[in-house]
$ cat protein.tsv   # TSV, C-alpha atoms and all ligand atoms
chain	number	residue	atom	x	y	z
A	18	MET	CA	0.00	0.00	0.00
A	19	THR	CA	1.65	3.20	-1.08
A	20	THR	CA	-0.98	5.85	-0.77
A	21	VAL	CA	-1.59	7.47	2.60
A	22	THR	CA	-4.32	10.01	3.17
A	23	LYS	CA	-5.49	11.97	6.16
A	24	GLU	CA	-7.86	14.84	6.50
A	25	ALA	CA	-7.51	18.42	7.59
A	26	GLY	CA	-6.57	18.82	11.21
A	27	ALA	CA	-4.69	15.55	11.27
A	28	PRO	CA	-1.53	16.15	9.22
A	29	VAL	CA	0.78	13.20	8.89
A	30	PRO	CA	4.55	13.50	8.57
A	31	ALA	CA	5.94	13.30	5.03
A	32	ASP	CA	7.05	9.83	4.07
A	33	ALA	CA	10.78	10.12	3.49
A	34	GLY	CA	10.58	7.32	0.92
A	35	ALA	CA	7.69	8.75	-1.09
A	36	PHE	CA	8.41	10.22	-4.49
A	37	LEU	CA	5.48	12.61	-4.16
A	38	SER	CA	4.15	13.75	-0.77
A	39	VAL	CA	1.12	16.03	-0.51
A	40	ARG	CA	0.59	17.28	3.03
A	41	ASP	CA	-2.49	19.04	4.41
A	42	LEU	CA	-3.04	20.84	1.10
A	43	HIS	CA	-5.59	23.68	1.02
A	44	VAL	CA	-6.35	25.47	-2.26
A	45	SER	CA	-8.88	28.29	-2.38
A	46	PHE	CA	-9.95	30.78	-5.05
A	47	LYS	CA	-11.25	34.29	-4.68
A	48	THR	CA	-14.44	34.80	-6.67
A	49	GLU	CA	-16.96	37.63	-6.87
A	50	ASP	CA	-19.25	35.61	-4.59
A	51	GLY	CA	-16.62	34.75	-1.99
A	52	VAL	CA	-13.84	32.26	-1.37
A	53	VAL	CA	-14.17	28.78	-2.91
A	54	LYS	CA	-12.35	26.10	-0.89
A	55	ALA	CA	-11.58	23.75	-3.75
A	56	VAL	CA	-9.18	21.53	-1.78
A	57	ASP	CA	-9.48	21.45	1.97
A	58	GLY	CA	-6.89	19.43	3.85
A	59	LEU	CA	-5.63	16.70	1.55
A	60	SER	CA	-2.65	14.43	2.21
A	61	PHE	CA	-1.28	11.50	0.22
A	62	ASP	CA	1.95	9.83	-0.87
A	63	LEU	CA	2.83	8.23	-4.17
A	64	GLU	CA	5.82	6.08	-5.01
A	65	ARG	CA	7.55	5.58	-8.35
A	66	GLY	CA	6.09	2.98	-10.64
A	67	ARG	CA	2.68	3.07	-8.91
A	68	THR	CA	-0.64	4.36	-10.24
A	69	LEU	CA	-2.96	6.26	-7.96
A	70	GLY	CA	-6.52	6.57	-9.24
A	71	ILE	CA	-8.35	9.64	-7.98
A	72	VAL	CA	-12.10	9.35	-8.40
A	73	GLY	CA	-14.95	11.73	-7.62
A	74	GLU	CA	-17.66	13.86	-9.18
A	75	SER	CA	-17.00	17.23	-10.83
A	76	GLY	CA	-15.99	19.77	-8.22
A	77	SER	CA	-14.52	17.19	-5.84
A	78	GLY	CA	-11.10	18.85	-6.08
A	79	LYS	CA	-9.32	16.12	-8.04
A	80	SER	CA	-8.33	18.26	-11.03
A	81	VAL	CA	-7.48	21.31	-8.88
A	82	THR	CA	-5.13	19.14	-6.79
A	83	ASN	CA	-3.24	18.07	-9.86
A	84	LEU	CA	-3.12	21.48	-11.50
A	85	THR	CA	-1.66	22.73	-8.21
A	86	ILE	CA	1.02	20.02	-8.30
A	87	LEU	CA	1.96	21.31	-11.76
A	88	GLY	CA	1.83	24.95	-10.62
A	89	LEU	CA	-0.84	25.69	-13.24
A	90	HIS	CA	-2.96	28.01	-11.10
A	91	ASN	CA	-3.42	31.75	-11.27
A	92	PRO	CA	-1.45	33.15	-8.31
A	93	MET	CA	-3.54	36.35	-8.43
A	94	PHE	CA	-6.69	34.53	-7.35
A	95	THR	CA	-5.42	31.38	-5.66
A	96	THR	CA	-4.26	30.76	-2.09
A	97	ILE	CA	-2.31	27.59	-1.41
A	98	GLU	CA	-1.38	26.23	2.01
A	99	GLY	CA	0.29	22.96	2.90
A	100	GLU	CA	3.14	21.11	1.22
A	101	ILE	CA	3.71	19.37	-2.09
A	102	LEU	CA	7.08	17.63	-2.00
A	103	LEU	CA	8.42	16.09	-5.20
A	104	GLU	CA	11.57	14.14	-4.33
A	105	GLY	CA	11.89	16.48	-1.37
A	106	GLN	CA	11.52	19.67	-3.46
A	107	GLU	CA	8.73	21.92	-2.17
A	108	LEU	CA	6.54	22.93	-5.11
A	109	THR	CA	4.04	25.26	-3.43
A	110	THR	CA	6.75	27.88	-2.88
A	111	ALA	CA	8.81	27.14	-6.01
A	112	ARG	CA	9.47	29.98	-8.45
A	113	GLU	CA	7.77	29.86	-11.84
A	114	SER	CA	11.18	29.32	-13.51
A	115	GLU	CA	11.74	26.23	-11.33
A	116	LEU	CA	8.27	24.89	-12.11
A	117	GLU	CA	8.86	25.43	-15.81
A	118	LYS	CA	11.95	23.25	-15.59
A	119	LEU	CA	9.87	20.51	-13.95
A	120	ARG	CA	6.85	20.67	-16.27
A	121	GLY	CA	7.18	18.43	-19.28
A	122	ASN	CA	10.45	17.13	-17.91
A	123	LYS	CA	10.03	15.54	-14.47
A	124	VAL	CA	6.24	15.96	-14.36
A	125	ALA	CA	3.94	15.80	-17.38
A	126	MET	CA	0.21	15.93	-17.90
A	127	ILE	CA	-2.16	14.28	-20.34
A	128	PHE	CA	-5.36	16.26	-20.75
A	129	GLN	CA	-8.85	15.05	-21.62
A	130	ASP	CA	-8.95	16.94	-24.90
A	131	PRO	CA	-5.83	16.80	-27.05
A	132	LEU	CA	-7.04	19.74	-29.12
A	133	THR	CA	-6.50	22.02	-26.12
A	134	ALA	CA	-2.97	20.71	-25.63
A	135	LEU	CA	-1.87	20.50	-29.28
A	136	SER	CA	-1.51	23.65	-31.34
A	137	PRO	CA	-3.24	23.54	-34.73
A	138	TYR	CA	-0.43	25.66	-36.24
A	139	TYR	CA	2.55	23.31	-35.82
A	140	THR	CA	3.20	19.78	-36.96
A	141	VAL	CA	2.74	17.00	-34.45
A	142	GLY	CA	6.43	16.10	-34.72
A	143	ARG	CA	7.52	19.64	-33.92
A	144	GLN	CA	5.27	19.78	-30.88
A	145	ILE	CA	6.78	16.59	-29.50
A	146	ALA	CA	10.34	17.62	-30.40
A	147	GLU	CA	10.23	21.09	-28.81
A	148	PRO	CA	9.94	20.10	-25.13
A	149	PHE	CA	12.70	17.54	-25.72
A	150	MET	CA	15.00	20.22	-27.15
A	151	LYS	CA	14.10	22.63	-24.35
A	152	HIS	CA	14.71	20.22	-21.48
A	153	THR	CA	17.63	18.18	-22.83
A	154	GLY	CA	19.43	20.65	-25.07
A	155	ALA	CA	19.24	18.16	-27.93
A	156	SER	CA	19.79	19.37	-31.51
A	157	LYS	CA	16.82	19.92	-33.81
A	158	LYS	CA	17.64	16.76	-35.74
A	159	ALA	CA	18.02	14.61	-32.59
A	160	ALA	CA	14.77	16.00	-31.17
A	161	TRP	CA	12.92	15.28	-34.42
A	162	ASP	CA	14.27	11.72	-34.43
A	163	ARG	CA	13.11	11.37	-30.82
A	164	ALA	CA	9.64	12.65	-31.79
A	165	VAL	CA	9.42	10.04	-34.56
A	166	GLU	CA	10.59	7.36	-32.12
A	167	MET	CA	7.93	8.40	-29.58
A	168	LEU	CA	5.17	8.39	-32.22
A	169	GLY	CA	6.24	4.84	-33.06
A	170	LYS	CA	6.17	3.86	-29.38
A	171	VAL	CA	2.60	5.08	-28.95
A	172	GLY	CA	1.48	3.09	-31.97
A	173	ILE	CA	1.19	5.68	-34.74
A	174	PRO	CA	1.72	3.86	-38.05
A	175	ASN	CA	4.36	5.31	-40.42
A	176	PRO	CA	5.66	7.64	-37.70
A	177	LYS	CA	8.32	9.18	-39.96
A	178	GLU	CA	5.67	10.47	-42.37
A	179	ARG	CA	3.00	11.22	-39.78
A	180	ALA	CA	5.36	13.38	-37.70
A	181	GLY	CA	5.03	16.00	-40.46
A	182	ASP	CA	1.22	16.08	-40.19
A	183	TYR	CA	-0.81	18.70	-38.36
A	184	PRO	CA	-3.17	17.67	-35.51
A	185	HIS	CA	-6.28	18.04	-37.70
A	186	GLN	CA	-4.88	15.33	-39.98
A	187	PHE	CA	-4.96	12.85	-37.05
A	188	SER	CA	-8.06	11.01	-35.79
A	189	GLY	CA	-9.21	11.61	-32.18
A	190	GLY	CA	-7.48	8.45	-30.94
A	191	MET	CA	-4.27	9.31	-32.80
A	192	ARG	CA	-4.26	12.83	-31.33
A	193	GLN	CA	-4.57	11.31	-27.86
A	194	ARG	CA	-1.63	9.02	-28.66
A	195	ALA	CA	0.36	12.03	-29.93
A	196	MET	CA	-0.36	13.89	-26.68
A	197	ILE	CA	0.85	10.86	-24.71
A	198	ALA	CA	4.02	10.88	-26.84
A	199	MET	CA	4.47	14.59	-26.05
A	200	ALA	CA	3.96	13.96	-22.33
A	201	LEU	CA	6.45	11.08	-22.23
A	202	VAL	CA	9.11	12.46	-24.55
A	203	CYS	CA	11.35	13.57	-21.64
A	204	ASP	CA	10.75	10.37	-19.68
A	205	PRO	CA	8.90	12.08	-16.77
A	206	ASP	CA	8.94	10.56	-13.29
A	207	LEU	CA	5.35	11.62	-12.66
A	208	LEU	CA	2.57	11.52	-15.22
A	209	ILE	CA	-0.79	13.11	-14.43
A	210	ALA	CA	-3.59	11.87	-16.68
A	211	ASP	CA	-6.81	13.87	-16.29
A	212	GLU	CA	-9.75	11.93	-17.75
A	213	PRO	CA	-7.51	10.99	-20.71
A	214	THR	CA	-9.98	8.68	-22.39
A	215	THR	CA	-13.37	10.26	-21.66
A	216	ALA	CA	-13.77	11.73	-25.14
A	217	LEU	CA	-12.86	8.49	-26.93
A	218	ASP	CA	-15.02	5.58	-28.00
A	219	VAL	CA	-14.80	2.39	-25.96
A	220	THR	CA	-12.45	0.49	-28.28
A	221	VAL	CA	-9.96	3.35	-28.57
A	222	GLN	CA	-10.28	3.97	-24.82
A	223	ALA	CA	-9.21	0.38	-24.10
A	224	GLN	CA	-6.26	0.73	-26.50
A	225	ILE	CA	-5.10	3.97	-24.84
A	226	LEU	CA	-5.37	2.46	-21.34
A	227	ASP	CA	-3.32	-0.56	-22.47
A	228	LEU	CA	-0.79	1.79	-24.02
A	229	LEU	CA	-0.44	3.77	-20.78
A	230	LYS	CA	0.10	0.56	-18.81
A	231	ASP	CA	2.77	-0.63	-21.25
A	232	LEU	CA	4.52	2.73	-21.24
A	233	GLN	CA	4.50	2.83	-17.43
A	234	GLN	CA	6.25	-0.54	-17.43
A	235	GLU	CA	8.84	0.81	-19.84
A	236	PHE	CA	9.36	4.25	-18.30
A	237	GLY	CA	8.71	3.38	-14.62
A	238	SER	CA	6.76	6.62	-14.09
A	239	ALA	CA	4.39	7.20	-11.19
A	240	ILE	CA	0.91	7.96	-12.55
A	241	ILE	CA	-1.95	9.93	-11.07
A	242	PHE	CA	-5.03	8.93	-13.02
A	243	ILE	CA	-8.04	11.19	-12.56
A	244	THR	CA	-11.46	9.93	-13.54
A	245	HIS	CA	-15.09	9.74	-12.52
A	246	ASP	CA	-15.21	6.16	-13.84
A	247	LEU	CA	-14.52	3.43	-11.26
A	248	GLY	CA	-14.41	0.86	-14.07
A	249	VAL	CA	-11.39	2.61	-15.59
A	250	ILE	CA	-9.76	2.90	-12.17
A	251	ALA	CA	-10.23	-0.84	-11.58
A	252	ASP	CA	-8.27	-1.49	-14.75
A	253	MET	CA	-5.51	1.07	-14.25
A	254	ALA	CA	-4.77	1.87	-10.62
A	255	ASP	CA	-2.81	0.16	-7.83
A	256	ASP	CA	-4.44	2.43	-5.25
A	257	ILE	CA	-7.62	4.48	-5.12
A	258	MET	CA	-8.39	7.77	-3.43
A	259	VAL	CA	-12.05	8.81	-3.47
A	260	MET	CA	-12.54	12.58	-3.22
A	261	TYR	CA	-15.64	14.50	-2.24
A	262	ALA	CA	-16.07	18.26	-1.82
A	263	GLY	CA	-12.35	19.03	-1.67
A	264	GLY	CA	-11.19	16.19	0.58
A	265	ALA	CA	-10.39	12.48	0.52
A	266	VAL	CA	-13.19	10.33	1.93
A	267	GLU	CA	-11.74	6.88	1.27
A	268	ARG	CA	-8.45	5.37	0.23
A	269	GLY	CA	-6.92	1.94	-0.06
A	270	THR	CA	-5.54	-0.47	-2.58
A	271	THR	CA	-7.78	-0.89	-5.62
A	272	ALA	CA	-8.65	-4.45	-4.56
A	273	GLU	CA	-9.57	-3.33	-1.02
A	274	VAL	CA	-11.72	-0.41	-2.05
A	275	LEU	CA	-13.57	-2.26	-4.79
A	276	ARG	CA	-14.02	-5.46	-2.78
A	277	SER	CA	-15.08	-3.88	0.51
A	278	PRO	CA	-15.72	-0.14	0.14
A	279	GLN	CA	-16.35	1.57	3.46
A	280	HIS	CA	-17.68	5.05	2.75
A	281	PRO	CA	-21.32	5.80	1.90
A	282	TYR	CA	-20.15	8.04	-0.97
A	283	THR	CA	-18.09	5.20	-2.47
A	284	TRP	CA	-21.14	2.93	-2.10
A	285	GLY	CA	-23.15	5.53	-3.98
A	286	LEU	CA	-20.59	5.77	-6.78
A	287	LEU	CA	-20.53	1.99	-7.18
A	288	ASN	CA	-24.30	1.77	-7.06
A	289	SER	CA	-24.69	4.40	-9.77
A	290	MET	CA	-22.40	2.60	-12.24
A	291	PRO	CA	-24.11	0.82	-15.15
A	292	ARG	CA	-23.32	-2.91	-15.18
A	293	LEU	CA	-23.40	-5.19	-18.20
A	294	ASP	CA	-24.65	-8.13	-16.14
A	295	SER	CA	-27.55	-6.27	-14.49
A	296	ASP	CA	-31.13	-5.88	-15.63
A	297	LEU	CA	-30.74	-3.27	-18.38
A	298	SER	CA	-34.35	-2.13	-17.97
A	299	ALA	CA	-33.78	-1.31	-14.27
A	300	PRO	CA	-33.13	2.40	-13.63
A	301	LEU	CA	-29.66	3.46	-12.47
A	302	ALA	CA	-29.46	4.57	-8.84
A	303	PRO	CA	-27.77	7.97	-8.80
A	304	ILE	CA	-26.59	9.44	-5.50
A	305	PRO	CA	-29.43	11.67	-4.28
A	306	GLY	CA	-28.84	15.43	-4.37
A	307	THR	CA	-25.94	17.31	-5.89
A	308	PRO	CA	-22.35	18.04	-4.79
A	309	PRO	CA	-22.26	20.98	-2.36
A	310	SER	CA	-21.20	24.51	-3.14
A	311	LEU	CA	-17.63	24.97	-2.00
A	312	LEU	CA	-18.41	28.62	-1.26
A	313	ASN	CA	-20.40	27.47	1.77
A	314	PRO	CA	-19.60	23.80	2.32
A	315	PRO	CA	-21.86	21.86	4.70
A	316	SER	CA	-20.86	21.63	8.35
A	317	GLY	CA	-19.58	18.37	9.81
A	318	CYS	CA	-19.34	15.62	7.22
A	319	ARG	CA	-19.60	17.32	3.84
A	320	PHE	CA	-21.52	14.37	2.50
A	321	HIS	CA	-24.21	14.53	5.20
A	322	PRO	CA	-26.90	16.37	3.13
A	323	ARG	CA	-26.83	13.44	0.67
A	324	CYS	CA	-26.12	10.57	3.02
A	325	THR	CA	-28.87	8.08	3.80
A	326	PHE	CA	-26.92	6.51	6.69
A	327	GLN	CA	-26.45	9.46	9.02
A	328	ASP	CA	-29.33	8.33	11.26
A	329	ARG	CA	-27.19	5.26	12.14
A	330	VAL	CA	-24.60	7.52	13.81
A	331	ASP	CA	-25.18	8.46	17.46
A	332	GLY	CA	-26.16	12.06	18.19
A	333	ASN	CA	-25.78	14.76	15.62
A	334	ARG	CA	-22.13	14.04	14.84
A	335	CYS	CA	-22.57	13.86	11.06
A	336	VAL	CA	-23.77	17.48	11.08
A	337	THR	CA	-21.39	18.87	13.69
A	338	GLU	CA	-18.11	16.98	13.43
A	339	ARG	CA	-15.98	16.47	10.35
A	340	PRO	CA	-14.82	12.84	10.20
A	341	LEU	CA	-11.09	12.18	9.69
A	342	LEU	CA	-9.37	9.49	7.71
A	343	ALA	CA	-7.80	6.87	9.96
A	344	PRO	CA	-4.13	6.06	9.33
A	345	ASP	CA	-4.80	2.46	8.24
A	346	ARG	CA	-7.51	1.30	5.80
A	347	ALA	CA	-9.25	4.60	5.71
A	348	SER	CA	-12.67	6.09	5.21
A	349	ALA	CA	-13.72	9.43	6.65
A	350	CYS	CA	-17.06	8.47	8.19
A	351	HIS	CA	-18.44	8.31	11.75
A	352	LEU	CA	-20.00	4.88	11.25
A	353	THR	CA	-18.09	2.24	13.23
A	354	ALA	CA	-15.97	-0.30	11.38
A	355	GLU	CA	-18.53	-2.96	12.32
A	356	GLN	CA	-21.42	-0.84	10.99
A	357	LYS	CA	-19.58	-0.21	7.70
A	358	ARG	CA	-18.92	-3.92	7.26
A	359	THR	CA	-22.48	-4.95	8.10
A	360	ILE	CA	-24.14	-2.28	5.93
A	361	PHE	CA	-21.94	-3.15	2.99
A	362	VAL	CA	-22.47	-6.91	3.24
A	363	GLU	CA	-26.20	-6.84	4.02
A	364	GLU	CA	-27.48	-3.78	2.17
A	365	ILE	CA	-25.04	-2.57	-0.49
A	366	ARG	CA	-23.42	-5.67	-1.94
A	367	PRO	CA	-26.72	-7.39	-2.83
A	368	ARG	CA	-27.65	-4.31	-4.88
A	369	LEU	CA	-24.31	-4.35	-6.71
A	370	GLY	CA	-24.81	-7.98	-7.74
B	401	LIG	FE1	-22.83	9.61	6.16
B	401	LIG	FE2	-22.32	10.47	8.62
B	401	LIG	FE3	-20.62	8.81	7.42
B	401	LIG	FE4	-20.84	11.33	6.60
B	401	LIG	S1	-20.10	10.65	8.59
B	401	LIG	S2	-20.74	9.55	5.31
B	401	LIG	S3	-23.03	11.72	6.90
B	401	LIG	S4	-22.74	8.37	8.01

$ encode --input "protein.tsv" --output "structure tokens"
Amino acid sequence: MTTVTKEAGAPVPADAGAFLSVRDLHVSFKTEDGVVKAVDGLSFDLERGRTLGIVGESGSGKSVTNLTILGLHNPMFTTIEGEILLEGQELTTARESELEKLRGNKVAMIFQDPLTALSPYYTVGRQIAEPFMKHTGASKKAAWDRAVEMLGKVGIPNPKERAGDYPHQFSGGMRQRAMIAMALVCDPDLLIADEPTTALDVTVQAQILDLLKDLQQEFGSAIIFITHDLGVIADMADDIMVMYAGGAVERGTTAEVLRSPQHPYTWGLLNSMPRLDSDLSAPLAPIPGTPPSLLNPPSGCRFHPRCTFQDRVDGNRCVTERPLLAPDRASACHLTAEQKRTIFVEEIRPRLG
């Protein structure tokens, strides 16, 4: 188990062995309506060669966390507290010039939509070659050869010829492959993939996921894989962190979380997933309600306005007291371990089939 999470108010010491350590991270934005607390006390570790799947609905803070790791936030409107240590280097206080050296080199990102990452004005080969030249000092010719090599690695046929094409001459799946080539060209230690296959059809999605797994084997990168799709996580990740309203609510190995999930929000996510082996005429069971506004997040457990299990907790704790993640197999919920086990086995699992 490589991923460790704890909630606000219970910071854990950085793991000296972790490649990436996020500690008690708070990210907030000033808006016309007030301050949005997009990430509110998040801690986790990630080691090299491992894949951490971060799952949650829109607005859970998963993308903001990763943009903050990359330093891609507007400092005019953003306040960051806490620590992000990459091989011991503190990123939250790093200068832009230092972050620029890291981006595309040690840390790279694959976005959901390649058209936002690839410029329509330059050939695909040039766009892969340029970061390589910038970060390694390679000659134009060596960088072009590297771009062709990378296009071959990600499965573009005739890479020598296709390197001279513009993005619009590639299909959607090929553009995604080209963006992966661009992200991996400098052999980054950390790859952040933000919903990288959402816009692709199922067959191409499976090919891209296989490609990422193969490339991770080859390059040994750590991967943070962001998605709202637990099915994709099951296929890709060693560990899972479930986020809700700016914090982690559950974490564990992928096998643990999918076999015996402990948090009512995770139960809701699993219950709302379509299944091929279920009665296709039966309606899906979405989680009731909507994610909360992070301008005025709910008191206590942030999931309490949507949680159907809060009456099983003594007193009014769900409304008054924010639950913390325990240091071992963790879910941030006031239900006892016994209650979580019993509810899952007797009430949730039968519904999941
Ligand atoms: Fe539900 Fe209470 Fe657990 Fe929150 S702490 S998930 S409201 S039971």

$ closest_residue --input "protein.tsv" --among "A:Gly142, A:Gly105, A:Gly154, A:Gly285" --to "Leu168 in chain A" --atoms "all atoms listed in the file"
A:Gly142

$ atom_distance --input "protein.tsv" --atom1 "CA of Lys54 in chain A" --atom2 "CA of Asn333 in chain A"
24.1 Å

$ closest_atom_pairs --input "protein.tsv" --of "chain A" --to "ligand LIG 401 (chain B)" --cutoff "8 Å" --atoms "all atoms listed in the file" --output "JSON lines"
{"residue": "A:His280", "atom": "CA", "partner": "B:LIG401", "partner_atom": "S2", "distance": 6.0}
{"residue": "A:Pro281", "atom": "CA", "partner": "B:LIG401", "partner_atom": "S2", "distance": 5.1}
{"residue": "A:Tyr282", "atom": "CA", "partner": "B:LIG401", "partner_atom": "S2", "distance": 6.5}
{"residue": "A:Gly317", "atom": "CA", "partner": "B:LIG401", "partner_atom": "S1", "distance": 7.8}
{"residue": "A:Cys318", "atom": "CA", "partner": "B:LIG401", "partner_atom": "FE4", "distance": 4.6}
{"residue": "A:Arg319", "atom": "CA", "partner": "B:LIG401", "partner_atom": "FE4", "distance": 6.7}
{"residue": "A:Phe320", "atom": "CA", "partner": "B:LIG401", "partner_atom": "FE4", "distance": 5.1}
{"residue": "A:His321", "atom": "CA", "partner": "B:LIG401", "partner_atom": "S3", "distance": 3.5}
{"residue": "A:Pro322", "atom": "CA", "partner": "B:LIG401", "partner_atom": "S3", "distance": 7.1}
{"residue": "A:Arg323", "atom": "CA", "partner": "B:LIG401", "partner_atom": "S3", "distance": 7.5}
{"residue": "A:Cys324", "atom": "CA", "partner": "B:LIG401", "partner_atom": "FE1", "distance": 4.6}
{"residue": "A:Thr325", "atom": "CA", "partner": "B:LIG401", "partner_atom": "FE1", "distance": 6.7}
{"residue": "A:Phe326", "atom": "CA", "partner": "B:LIG401", "partner_atom": "S4", "distance": 4.8}
{"residue": "A:Gln327", "atom": "CA", "partner": "B:LIG401", "partner_atom": "S4", "distance": 4.0}
{"residue": "A:Asp328", "atom": "CA", "partner": "B:LIG401", "partner_atom": "S4", "distance": 7.3}
{"residue": "A:Arg329", "atom": "CA", "partner": "B:LIG401", "partner_atom": "S4", "distance": 6.8}
{"residue": "A:Val330", "atom": "CA", "partner": "B:LIG401", "partner_atom": "S4", "distance": 6.1}
{"residue": "A:Arg334", "atom": "CA", "partner": "B:LIG401", "partner_atom": "FE2", "distance": 7.2}
{"residue": "A:Cys335", "atom": "CA", "partner": "B:LIG401", "partner_atom": "FE2", "distance": 4.2}
{"residue": "A:Val336", "atom": "CA", "partner": "B:LIG401", "partner_atom": "S3", "distance": 7.2}
{"residue": "A:Arg339", "atom": "CA", "partner": "B:LIG401", "partner_atom": "S1", "distance": 7.3}
{"residue": "A:Pro340", "atom": "CA", "partner": "B:LIG401", "partner_atom": "S1", "distance": 5.9}
{"residue": "A:Ala349", "atom": "CA", "partner": "B:LIG401", "partner_atom": "S1", "distance": 6.8}
{"residue": "A:Cys350", "atom": "CA", "partner": "B:LIG401", "partner_atom": "FE3", "distance": 3.7}
{"residue": "A:His351", "atom": "CA", "partner": "B:LIG401", "partner_atom": "S1", "distance": 4.3}
{"residue": "A:Leu352", "atom": "CA", "partner": "B:LIG401", "partner_atom": "S4", "distance": 5.5}

$ closest_residue --input "protein.tsv" --among "A:Ala265, A:Thr270, A:Ile225, A:Ile71" --to "Leu42 in chain A" --atoms "only C-alpha atoms"
A:Ala265

$ residues_around --input "protein.tsv" --residues "range 241-243 of chain A" --least-positions-apart "4" --cutoff "6 Å" --atoms "all atoms listed in the file" --output "ChimeraX atom specification"
/A:68-71,209-212

$ closest_residue --input "protein.tsv" --among "A:Glu107, A:Asp256, A:Glu74, A:Asp231" --to "Asp62 in chain A" --atoms "all atoms listed in the file"
A:Asp256

$ closest_residue --input "protein.tsv" --among "A:Glu363, A:Glu178, A:Asp255, A:Asp41" --to "Thr109 in chain A" --atoms "all atoms listed in the file"
A:Asp41

$ atom_distance --input "protein.tsv" --atom1 "CA of Leu287 in chain A" --atom2 "CA of Glu364 in chain A"
13.0 Å

$ decode --input "protein.tsv" --residues "range 275-288 of chain A" --atoms "N, CA, C and O atoms" --output "compact mmCIF listing (two decimals), in the first residue's frame"
# COMPACT_ATOMS: atom_id res chain seq x y z
N LEU A 275 -12.50 -1.73 -3.95
CA LEU A 275 -13.57 -2.26 -4.79
C LEU A 275 -14.22 -3.50 -4.17
O LEU A 275 -15.41 -3.75 -4.36
N ARG A 276 -13.45 -4.26 -3.38
CA ARG A 276 -14.02 -5.46 -2.78
C ARG A 276 -14.83 -5.13 -1.53
O ARG A 276 -15.88 -5.71 -1.29
N SER A 277 -14.34 -4.20 -0.72
CA SER A 277 -15.08 -3.88 0.51
C SER A 277 -15.04 -2.37 0.78
O SER A 277 -14.39 -1.93 1.72
N PRO A 278 -15.70 -1.60 -0.07
CA PRO A 278 -15.72 -0.14 0.14
C PRO A 278 -16.37 0.20 1.47
O PRO A 278 -17.27 -0.51 1.92
N GLN A 279 -15.89 1.28 2.10
CA GLN A 279 -16.35 1.57 3.46
C GLN A 279 -17.09 2.89 3.60
O GLN A 279 -17.63 3.17 4.66
N HIS A 280 -17.06 3.72 2.59
CA HIS A 280 -17.68 5.05 2.75
C HIS A 280 -19.00 5.12 1.99
O HIS A 280 -19.08 4.66 0.84
N PRO A 281 -20.03 5.70 2.60
CA PRO A 281 -21.32 5.80 1.90
C PRO A 281 -21.22 6.48 0.54
O PRO A 281 -21.97 6.13 -0.39
N TYR A 282 -20.28 7.41 0.35
CA TYR A 282 -20.15 8.04 -0.97
C TYR A 282 -19.60 7.03 -1.99
O TYR A 282 -20.07 6.97 -3.12
N THR A 283 -18.62 6.23 -1.57
CA THR A 283 -18.09 5.20 -2.47
C THR A 283 -19.19 4.20 -2.82
O THR A 283 -19.30 3.76 -3.97
N TRP A 284 -20.01 3.84 -1.82
CA TRP A 284 -21.14 2.93 -2.10
C TRP A 284 -22.04 3.56 -3.16
O TRP A 284 -22.49 2.89 -4.09
N GLY A 285 -22.30 4.84 -3.01
CA GLY A 285 -23.15 5.53 -3.98
C GLY A 285 -22.56 5.53 -5.37
O GLY A 285 -23.26 5.31 -6.36
N LEU A 286 -21.24 5.78 -5.46
CA LEU A 286 -20.59 5.77 -6.78
C LEU A 286 -20.71 4.39 -7.42
O LEU A 286 -21.03 4.27 -8.61
N LEU A 287 -20.46 3.35 -6.63
CA LEU A 287 -20.53 1.99 -7.18
C LEU A 287 -21.96 1.65 -7.60
O LEU A 287 -22.19 1.04 -8.65
N ASN A 288 -22.89 2.08 -6.80
CA ASN A 288 -24.30 1.77 -7.06
C ASN A 288 -24.83 2.50 -8.30
O ASN A 288 -25.78 2.05 -8.95
